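Source file protein.txt; content: compact mmCIF, C-alpha atoms.
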# COMPACT_ATOMS: atom_id res chain seq x y z
CA MET A 12 -47.54 4.28 -102.72
CA ASN A 13 -48.83 0.72 -103.04
CA LYS A 14 -52.36 0.13 -101.77
CA VAL A 15 -54.52 -2.95 -101.14
CA ASN A 16 -58.26 -2.59 -101.76
CA CYS A 17 -61.08 -5.13 -101.44
CA LEU A 18 -63.21 -5.25 -104.58
CA GLU A 19 -65.69 -7.94 -103.54
CA LYS A 20 -66.47 -10.32 -100.69
CA PHE A 21 -69.32 -12.71 -99.87
CA LEU A 22 -70.32 -15.97 -98.16
CA ASP A 23 -71.97 -18.74 -100.17
CA LYS A 24 -74.61 -21.19 -98.90
CA ASN A 25 -71.88 -23.60 -97.71
CA ASN A 26 -70.21 -20.87 -95.59
CA ASN A 27 -67.28 -20.64 -98.00
CA ALA A 28 -65.82 -17.11 -97.87
CA TYR A 29 -64.72 -15.36 -101.08
CA GLY A 30 -62.67 -12.20 -101.34
CA CYS A 31 -61.20 -10.29 -104.28
CA PHE A 32 -58.37 -7.81 -103.63
CA ILE A 33 -56.37 -5.48 -105.87
CA ILE A 34 -52.79 -4.41 -105.15
CA GLU A 35 -51.43 -1.46 -107.13
CA PRO A 36 -49.40 0.25 -108.43
CA LEU A 37 -46.48 -2.16 -108.87
CA GLU A 38 -43.38 -1.90 -111.01
CA ILE A 39 -43.17 -3.95 -114.21
CA GLY A 40 -42.39 -7.57 -113.29
CA GLN A 41 -43.37 -7.25 -109.63
CA GLY A 42 -46.96 -8.43 -110.15
CA ILE A 43 -46.19 -12.04 -111.04
CA THR A 44 -43.43 -12.21 -108.41
CA LEU A 45 -45.68 -11.00 -105.59
CA GLY A 46 -48.74 -12.89 -106.84
CA ASN A 47 -46.96 -16.24 -107.10
CA ALA A 48 -45.30 -15.82 -103.68
CA LEU A 49 -48.61 -14.90 -102.01
CA ARG A 50 -50.51 -17.72 -103.70
CA ARG A 51 -48.02 -20.42 -102.68
CA THR A 52 -47.76 -19.05 -99.12
CA ILE A 53 -51.51 -18.75 -98.57
CA LEU A 54 -52.16 -22.24 -99.94
CA SER A 55 -49.48 -24.05 -97.97
CA ASP A 56 -48.45 -22.10 -94.85
CA LEU A 57 -51.70 -21.09 -93.15
CA SER A 58 -52.85 -23.21 -90.22
CA SER A 59 -56.20 -24.11 -88.67
CA TYR A 60 -57.85 -26.45 -86.15
CA ALA A 61 -59.02 -29.93 -87.15
CA ILE A 62 -59.94 -33.27 -85.55
CA THR A 63 -57.10 -35.81 -85.35
CA GLY A 64 -58.52 -38.57 -83.14
CA VAL A 65 -61.90 -39.96 -82.09
CA ARG A 66 -63.14 -42.21 -79.27
CA ILE A 67 -66.65 -43.68 -79.56
CA ASN A 68 -68.33 -45.65 -76.75
CA ASN A 69 -66.06 -48.64 -76.01
CA LEU A 70 -64.90 -49.32 -79.56
CA LYS A 71 -61.46 -50.81 -80.15
CA HIS A 72 -61.25 -50.30 -83.94
CA GLU A 73 -63.13 -48.68 -86.80
CA PHE A 74 -64.60 -51.97 -88.03
CA SER A 75 -66.70 -52.48 -84.90
CA ALA A 76 -70.45 -52.03 -84.82
CA ILE A 77 -72.27 -49.51 -82.62
CA GLU A 78 -75.53 -50.76 -81.20
CA GLY A 79 -78.47 -48.47 -81.90
CA VAL A 80 -76.67 -46.29 -84.47
CA ARG A 81 -77.84 -46.25 -88.08
CA GLU A 82 -74.42 -45.53 -89.62
CA ASP A 83 -71.32 -47.68 -89.40
CA VAL A 84 -68.13 -46.36 -87.80
CA LEU A 85 -66.37 -45.54 -91.07
CA GLU A 86 -69.29 -43.37 -92.20
CA ILE A 87 -69.34 -41.58 -88.83
CA LEU A 88 -65.60 -40.89 -89.12
CA LEU A 89 -66.09 -39.41 -92.58
CA ASN A 90 -68.81 -37.11 -91.21
CA ILE A 91 -66.59 -36.09 -88.28
CA LYS A 92 -63.76 -35.13 -90.66
CA GLU A 93 -66.03 -32.47 -92.20
CA ILE A 94 -66.54 -30.55 -88.94
CA LEU A 95 -65.04 -27.06 -89.26
CA PHE A 96 -63.69 -24.94 -86.40
CA LYS A 97 -63.16 -21.20 -86.23
CA GLN A 98 -60.57 -19.75 -83.88
CA SER A 99 -61.52 -16.98 -81.49
CA LEU A 100 -60.06 -13.59 -82.39
CA PHE A 101 -59.01 -13.10 -78.77
CA HIS A 102 -56.99 -16.32 -78.53
CA SER A 103 -53.40 -16.33 -79.74
CA PHE A 104 -52.03 -19.77 -78.82
CA GLU A 105 -50.81 -21.42 -82.01
CA SER A 106 -49.82 -24.94 -80.98
CA ILE A 107 -52.43 -26.27 -78.59
CA LYS A 108 -54.33 -29.55 -78.22
CA LEU A 109 -57.99 -29.45 -77.28
CA LYS A 110 -60.69 -31.97 -76.54
CA GLY A 111 -64.42 -32.07 -77.14
CA PHE A 112 -67.17 -34.52 -76.29
CA LEU A 113 -70.87 -35.24 -76.48
CA ASN A 114 -73.08 -37.70 -74.61
CA ALA A 115 -76.57 -38.41 -75.94
CA ARG A 116 -79.33 -40.97 -75.62
CA GLY A 117 -81.63 -41.80 -78.50
CA PRO A 118 -83.70 -41.80 -80.47
CA LYS A 119 -82.00 -38.63 -81.71
CA ILE A 120 -80.16 -37.06 -84.64
CA ILE A 121 -76.58 -36.17 -83.67
CA THR A 122 -75.08 -32.99 -85.15
CA ALA A 123 -71.80 -31.15 -84.73
CA GLY A 124 -73.43 -28.41 -82.68
CA MET A 125 -73.99 -30.86 -79.80
CA LEU A 126 -70.24 -31.10 -79.15
CA LYS A 127 -68.98 -29.51 -75.94
CA ILE A 128 -65.74 -27.69 -76.79
CA PRO A 129 -63.69 -24.81 -75.28
CA ASP A 130 -65.81 -22.10 -76.92
CA LYS A 131 -63.48 -19.34 -75.70
CA ILE A 132 -60.81 -20.76 -78.00
CA ILE A 133 -62.74 -22.22 -80.95
CA THR A 134 -66.32 -22.54 -82.17
CA VAL A 135 -68.01 -25.01 -84.50
CA LEU A 136 -68.50 -23.31 -87.85
CA ASN A 137 -71.12 -25.77 -89.15
CA PRO A 138 -73.23 -26.74 -86.09
CA ASN A 139 -75.98 -28.29 -88.24
CA HIS A 140 -73.55 -30.73 -89.85
CA TYR A 141 -74.94 -34.28 -89.62
CA LEU A 142 -72.93 -36.95 -87.76
CA CYS A 143 -75.23 -39.93 -87.16
CA THR A 144 -78.69 -41.06 -86.00
CA LEU A 145 -79.61 -43.03 -82.87
CA VAL A 146 -82.56 -45.26 -83.76
CA ASP A 147 -83.41 -46.45 -80.22
CA ASN A 148 -82.70 -45.46 -76.61
CA SER A 149 -79.04 -46.51 -76.80
CA GLU A 150 -76.40 -44.21 -75.32
CA PHE A 151 -73.83 -42.62 -77.61
CA TYR A 152 -70.59 -41.14 -76.29
CA LEU A 153 -68.14 -39.32 -78.56
CA GLU A 154 -64.82 -37.73 -77.59
CA ILE A 155 -62.57 -35.93 -80.09
CA ASP A 156 -58.99 -34.65 -80.13
CA ILE A 157 -58.53 -31.26 -81.80
CA GLU A 158 -55.15 -29.93 -82.89
CA ARG A 159 -53.79 -26.98 -84.83
CA GLY A 160 -51.54 -27.68 -87.79
CA LYS A 161 -50.62 -27.07 -91.40
CA GLY A 162 -51.22 -29.03 -94.59
CA TYR A 163 -52.17 -32.70 -94.46
CA LYS A 164 -51.39 -35.35 -91.88
CA LEU A 165 -52.02 -39.04 -92.38
CA LYS A 166 -53.26 -41.09 -89.45
CA GLU A 167 -50.02 -43.13 -89.56
CA GLU A 168 -48.15 -40.00 -88.41
CA PHE A 169 -50.33 -39.76 -85.29
CA LEU A 170 -49.95 -43.49 -84.61
CA LYS A 171 -46.16 -43.13 -84.43
CA TYR A 172 -46.41 -40.80 -81.45
CA SER A 173 -49.36 -42.45 -79.77
CA GLN A 174 -48.78 -44.45 -76.60
CA GLU A 175 -52.13 -46.18 -76.91
CA ILE A 176 -51.07 -48.52 -79.69
CA SER A 177 -48.66 -50.30 -77.35
CA ILE A 178 -51.24 -50.71 -74.55
CA PHE A 179 -54.43 -52.54 -75.53
CA SER A 180 -56.74 -51.58 -72.70
CA LYS A 181 -59.95 -53.52 -72.12
CA ARG A 182 -61.41 -50.77 -69.97
CA TYR A 183 -61.09 -47.69 -72.16
CA PRO A 184 -61.92 -47.24 -75.86
CA SER A 185 -59.08 -46.93 -78.33
CA THR A 186 -58.44 -43.69 -80.18
CA LEU A 187 -59.41 -43.94 -83.84
CA PHE A 188 -56.99 -41.69 -85.71
CA ILE A 189 -58.11 -40.12 -88.97
CA ASP A 190 -56.41 -38.46 -91.92
CA THR A 191 -56.52 -34.74 -91.15
CA ILE A 192 -56.76 -31.74 -93.46
CA PHE A 193 -55.69 -28.54 -91.70
CA LEU A 194 -55.82 -26.38 -94.84
CA PRO A 195 -58.37 -23.55 -94.47
CA ILE A 196 -57.86 -22.33 -98.06
CA LYS A 197 -59.75 -23.87 -100.97
CA LYS A 198 -58.51 -21.80 -103.89
CA VAL A 199 -56.26 -18.84 -104.69
CA ASN A 200 -55.98 -17.16 -108.10
CA TYR A 201 -54.14 -14.05 -109.22
CA LYS A 202 -54.11 -11.89 -112.35
CA VAL A 203 -51.68 -9.21 -113.49
CA LYS A 204 -52.56 -6.38 -115.87
CA LEU A 205 -50.93 -3.18 -117.05
CA ILE A 206 -52.21 0.18 -115.81
CA HIS A 207 -51.13 3.85 -115.88
CA ASP A 208 -50.41 5.80 -112.73
CA THR A 209 -51.38 9.43 -112.15
CA GLN A 210 -48.28 10.61 -114.02
CA GLY A 211 -48.93 8.40 -117.04
CA ASN A 212 -46.21 5.84 -116.27
CA ILE A 213 -46.89 2.17 -117.08
CA LYS A 214 -47.36 0.10 -113.92
CA GLU A 215 -48.83 -3.27 -112.98
CA SER A 216 -51.98 -4.13 -111.04
CA LEU A 217 -52.27 -7.43 -109.13
CA THR A 218 -55.70 -8.95 -108.49
CA MET A 219 -55.93 -11.72 -105.84
CA GLU A 220 -58.97 -14.02 -105.49
CA ILE A 221 -59.13 -16.08 -102.28
CA LEU A 222 -61.71 -18.74 -101.37
CA THR A 223 -61.66 -20.21 -97.84
CA ASN A 224 -63.77 -22.80 -96.02
CA GLY A 225 -65.07 -20.06 -93.72
CA SER A 226 -62.79 -20.80 -90.76
CA ILE A 227 -60.71 -17.78 -91.77
CA SER A 228 -61.72 -14.68 -93.72
CA PRO A 229 -60.03 -13.96 -97.09
CA LYS A 230 -58.79 -10.62 -95.69
CA ARG A 231 -57.13 -12.33 -92.74
CA ALA A 232 -55.67 -15.00 -95.03
CA LEU A 233 -54.10 -12.30 -97.20
CA LYS A 234 -52.69 -10.51 -94.15
CA GLU A 235 -51.22 -13.70 -92.69
CA GLY A 236 -49.69 -14.61 -96.06
CA MET A 237 -48.04 -11.20 -96.29
CA LYS A 238 -46.79 -11.48 -92.70
CA ILE A 239 -45.21 -14.88 -93.37
CA ILE A 240 -43.37 -13.52 -96.42
CA LEU A 241 -42.19 -10.42 -94.51
CA ASP A 242 -40.94 -12.53 -91.60
CA LEU A 243 -39.06 -14.79 -94.00
CA PHE A 244 -37.25 -11.96 -95.79
CA SER A 245 -36.62 -9.98 -92.60
CA SER A 246 -34.83 -12.97 -91.08
CA PHE A 247 -32.62 -13.18 -94.18
CA PHE A 248 -31.95 -9.46 -94.00
CA LEU A 249 -30.90 -9.64 -90.36
CA SER A 250 -28.62 -12.60 -91.03
CA THR A 251 -26.76 -10.70 -93.76
CA ASN A 252 -25.90 -7.96 -91.24
CA ASN A 253 -23.81 -10.53 -89.35
CA LEU A 254 -21.59 -11.37 -92.32
CA THR A 255 -17.89 -10.80 -91.80
CA LEU A 256 -15.86 -8.59 -94.13
CA LEU A 257 -14.19 -11.67 -95.64
CA GLU A 258 -17.58 -13.24 -96.44
CA GLU A 259 -18.75 -9.98 -98.06
CA ILE A 260 -15.61 -9.84 -100.25
CA ASN A 261 -16.11 -13.47 -101.35
In structure tokens, write the structure found in this file.
Amino acid sequence: MNKVNCLEKFLDKNNNAYGCFIIEPLEIGQGITLGNALRRTILSDLSSYAITGVRINNLKHEFSAIEGVREDVLEILLNIKEILFKQSLFHSFESIKLKGFLNARGPKIITAGMLKIPDKIITVLNPNHYLCTLVDNSEFYLEIDIERGKGYKLKEEFLKYSQEISIFSKRYPSTLFIDTIFLPIKKVNYKVKLIHDTQGNIKESLTMEILTNGSISPKRALKEGMKIILDLFSSFFLSTNNLTLLEEIN
């Protein structure tokens, strides 16, 4: 019977989560097949929450200046892109759009933990992450759009579906869209080696190493990767049951 065991797991100083798992025993040739399928699935098909749009004070574009703020808008956007979110274990909605905001008056250092977000759905994984500094008593208002997705999305993809680009409002700030990275996985490696089972037969052992950004645990990433592969093959299996006799003969 095949078993999955965790050999090692830890969090580093940057909240990156590492896990090492061993899957054995496998038949000869199954190790590289399973390892490659899991690696590609975990790297590309897992989803997470990330910021897709930002509204700051009454800005109309990213080249504007913010009075009383040390950083320029482009630097603030880069800092905002590095905010990480962790989904609640009790929330199961996959495709959902959320909003968060903060309102502060300086002088003050603004961090990610000051954001007001639906904490029953997601939480900020790095609350001490630096965003900007207010050098005087100016007011700073920040509103963010949070979405769940897979892979990468360029800001041009969000602009296509945005209604704000066709209406240039003088009353409300424009949404500054940013390139978004939804990928929660940083690295996946696998190794295959030969072993002997209890009866002395030659088998294979698969070792999987998974490194995430902390928004998902390596164990959960491995489980979700396996589930995606099982769902894929089960759908193919069910579709073959509907083949007609003529199709089976051909």
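Atom CA of A:Lys92 is found 13.5 Å from atom CA of A:Ser59.
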Would you write out, as JSON lines, a table of all residues in stretch 32-121 of chain A that have an atom no more than 12 Å from an atom of stretch 225-229 of chain A, listing for each the closest atom pair and the distance in Å to one decimal, considering only C-alpha atoms and ordering rows by chain and rising residue number?
{"residue": "A:Phe32", "atom": "CA", "partner": "A:Pro229", "partner_atom": "CA", "distance": 9.1}
{"residue": "A:Ile53", "atom": "CA", "partner": "A:Pro229", "partner_atom": "CA", "distance": 9.9}
{"residue": "A:Leu54", "atom": "CA", "partner": "A:Pro229", "partner_atom": "CA", "distance": 11.8}
{"residue": "A:Leu57", "atom": "CA", "partner": "A:Ile227", "partner_atom": "CA", "distance": 9.7}
{"residue": "A:Ser58", "atom": "CA", "partner": "A:Ile227", "partner_atom": "CA", "distance": 9.7}
{"residue": "A:Ser59", "atom": "CA", "partner": "A:Ser226", "partner_atom": "CA", "distance": 7.7}
{"residue": "A:Tyr60", "atom": "CA", "partner": "A:Ser226", "partner_atom": "CA", "distance": 8.8}
{"residue": "A:Ala61", "atom": "CA", "partner": "A:Ser226", "partner_atom": "CA", "distance": 10.5}
{"residue": "A:Ile94", "atom": "CA", "partner": "A:Ser226", "partner_atom": "CA", "distance": 10.6}
{"residue": "A:Leu95", "atom": "CA", "partner": "A:Ser226", "partner_atom": "CA", "distance": 6.8}
{"residue": "A:Phe96", "atom": "CA", "partner": "A:Ser226", "partner_atom": "CA", "distance": 6.1}
{"residue": "A:Lys97", "atom": "CA", "partner": "A:Ser226", "partner_atom": "CA", "distance": 4.6}
{"residue": "A:Gln98", "atom": "CA", "partner": "A:Ser226", "partner_atom": "CA", "distance": 7.3}
{"residue": "A:Ser99", "atom": "CA", "partner": "A:Ser226", "partner_atom": "CA", "distance": 10.1}
{"residue": "A:Leu100", "atom": "CA", "partner": "A:Ile227", "partner_atom": "CA", "distance": 10.3}
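Proximity to A:Asp190 at 12 Å, evaluated using all atoms listed in the file and with sequence-adjacent residues fewer than 5 positions away removed, yields Ala61, Ile62, Thr63, Gly64, Val65, Leu88, Leu89, Ile91, Lys92, Glu93, Gly162, Tyr163, Lys164, Leu165, Lys166, Glu167, Glu168, Phe169 and Leu170 of chain A.
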Padding 4 Å on each side, edges along x, y and z: where is the centre of the box around the listed atoms of stretch 228-237 of chain A, and how long are its edges in Å to one decimal? Output it as AutoDock Vina command-line options.
--center_x -54.9 --center_y -12.8 --center_z -94.9 --size_x 21.7 --size_y 12.5 --size_z 12.5
Could I get the residues of stretch 91-174 of chain A with an atom no further than 6 Å from an atom of stretch 73-84 of chain A, each paired with its nearest atom pair and that distance in Å to one decimal, using all atoms listed in the file, sorted by chain and residue number, as a Markdown table?
| residue | atom | partner | partner_atom | distance |
| --- | --- | --- | --- | --- |
| A:Thr144 | CA | A:Arg81 | CA | 5.7 |
| A:Leu145 | CA | A:Val80 | CA | 4.7 |
| A:Val146 | CA | A:Gly79 | CA | 5.5 |
| A:Asp147 | CA | A:Gly79 | CA | 5.6 |
| A:Ser149 | CA | A:Gly79 | CA | 5.5 |
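Note that the spacing between atom CA of A:Ile120 and atom CA of A:Asn224 amounts to 24.5 Å.
Each of A:Lys131, A:Lys238, A:Ser246, A:Lys230 was checked against A:Cys17 using only C-alpha atoms; the smallest atom-to-atom distance is that of A:Lys230.
Excluding A:Glu220 itself and any same-chain residue fewer than 2 positions from it, the protein and nucleic acid residues within 8 Å of it, counting all atoms listed in the file, are Tyr29, Gly30, Cys31, Phe32, Lys198, Val199, Asn200, Tyr201, Thr218 and Leu222 of chain A.
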Okay, now the selection with C-alpha atoms, as a PDB file, in the coordinates of the input?
ATOM      1  CA  TYR A  29     -64.720 -15.360-101.080  1.00  0.00           C
ATOM      2  CA  GLY A  30     -62.670 -12.200-101.340  1.00  0.00           C
ATOM      3  CA  CYS A  31     -61.200 -10.290-104.280  1.00  0.00           C
ATOM      4  CA  PHE A  32     -58.370  -7.810-103.630  1.00  0.00           C
ATOM      5  CA  LYS A 198     -58.510 -21.800-103.890  1.00  0.00           C
ATOM      6  CA  VAL A 199     -56.260 -18.840-104.690  1.00  0.00           C
ATOM      7  CA  ASN A 200     -55.980 -17.160-108.100  1.00  0.00           C
ATOM      8  CA  TYR A 201     -54.140 -14.050-109.220  1.00  0.00           C
ATOM      9  CA  THR A 218     -55.700  -8.950-108.490  1.00  0.00           C
ATOM     10  CA  LEU A 222     -61.710 -18.740-101.370  1.00  0.00           C
TER      11      LEU A 222
END
Reconstructed stretch 185-206 of chain A, atom set N, CA and C atoms, as a compact mmCIF listing (two decimals), in the coordinates of the input:
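The resulting file, selection_24.txt, is shown below:
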# COMPACT_ATOMS: atom_id res chain seq x y z
N SER A 185 -60.29 -47.33 -77.62
CA SER A 185 -59.08 -46.93 -78.33
C SER A 185 -59.35 -45.67 -79.15
N THR A 186 -58.32 -44.88 -79.34
CA THR A 186 -58.44 -43.69 -80.18
C THR A 186 -58.37 -44.09 -81.64
N LEU A 187 -59.37 -43.68 -82.40
CA LEU A 187 -59.41 -43.94 -83.84
C LEU A 187 -58.85 -42.71 -84.54
N PHE A 188 -57.62 -42.82 -85.03
CA PHE A 188 -56.99 -41.69 -85.71
C PHE A 188 -57.50 -41.59 -87.14
N ILE A 189 -57.59 -40.35 -87.63
CA ILE A 189 -58.11 -40.12 -88.97
C ILE A 189 -57.14 -39.23 -89.74
N ASP A 190 -57.19 -39.36 -91.07
CA ASP A 190 -56.41 -38.46 -91.92
C ASP A 190 -56.97 -37.04 -91.76
N THR A 191 -56.09 -36.09 -91.52
CA THR A 191 -56.52 -34.74 -91.15
C THR A 191 -56.10 -33.72 -92.20
N ILE A 192 -57.04 -32.85 -92.56
CA ILE A 192 -56.76 -31.74 -93.46
C ILE A 192 -56.85 -30.45 -92.66
N PHE A 193 -55.71 -29.80 -92.45
CA PHE A 193 -55.69 -28.54 -91.70
C PHE A 193 -55.89 -27.33 -92.60
N LEU A 194 -55.80 -27.51 -93.91
CA LEU A 194 -55.82 -26.38 -94.84
C LEU A 194 -57.14 -25.62 -94.79
N PRO A 195 -57.13 -24.33 -94.47
CA PRO A 195 -58.37 -23.55 -94.47
C PRO A 195 -58.67 -22.90 -95.83
N ILE A 196 -57.72 -22.99 -96.76
CA ILE A 196 -57.86 -22.33 -98.06
C ILE A 196 -58.27 -23.34 -99.12
N LYS A 197 -59.29 -22.99 -99.90
CA LYS A 197 -59.75 -23.87 -100.97
C LYS A 197 -59.16 -23.50 -102.33
N LYS A 198 -59.01 -22.21 -102.58
CA LYS A 198 -58.51 -21.80 -103.89
C LYS A 198 -57.95 -20.38 -103.82
N VAL A 199 -56.85 -20.16 -104.57
CA VAL A 199 -56.26 -18.84 -104.69
C VAL A 199 -55.87 -18.62 -106.15
N ASN A 200 -56.34 -17.54 -106.73
CA ASN A 200 -55.98 -17.16 -108.10
C ASN A 200 -55.43 -15.73 -108.09
N TYR A 201 -54.60 -15.42 -109.07
CA TYR A 201 -54.14 -14.05 -109.22
C TYR A 201 -54.02 -13.70 -110.70
N LYS A 202 -54.21 -12.41 -110.99
CA LYS A 202 -54.11 -11.89 -112.35
C LYS A 202 -53.28 -10.61 -112.32
N VAL A 203 -52.51 -10.41 -113.37
CA VAL A 203 -51.68 -9.21 -113.49
C VAL A 203 -52.06 -8.48 -114.77
N LYS A 204 -52.26 -7.18 -114.68
CA LYS A 204 -52.56 -6.38 -115.87
C LYS A 204 -51.81 -5.05 -115.80
N LEU A 205 -51.63 -4.45 -116.96
CA LEU A 205 -50.93 -3.18 -117.05
C LEU A 205 -51.89 -2.02 -116.80
N ILE A 206 -51.42 -1.01 -116.09
CA ILE A 206 -52.21 0.18 -115.81
C ILE A 206 -51.30 1.41 -115.97
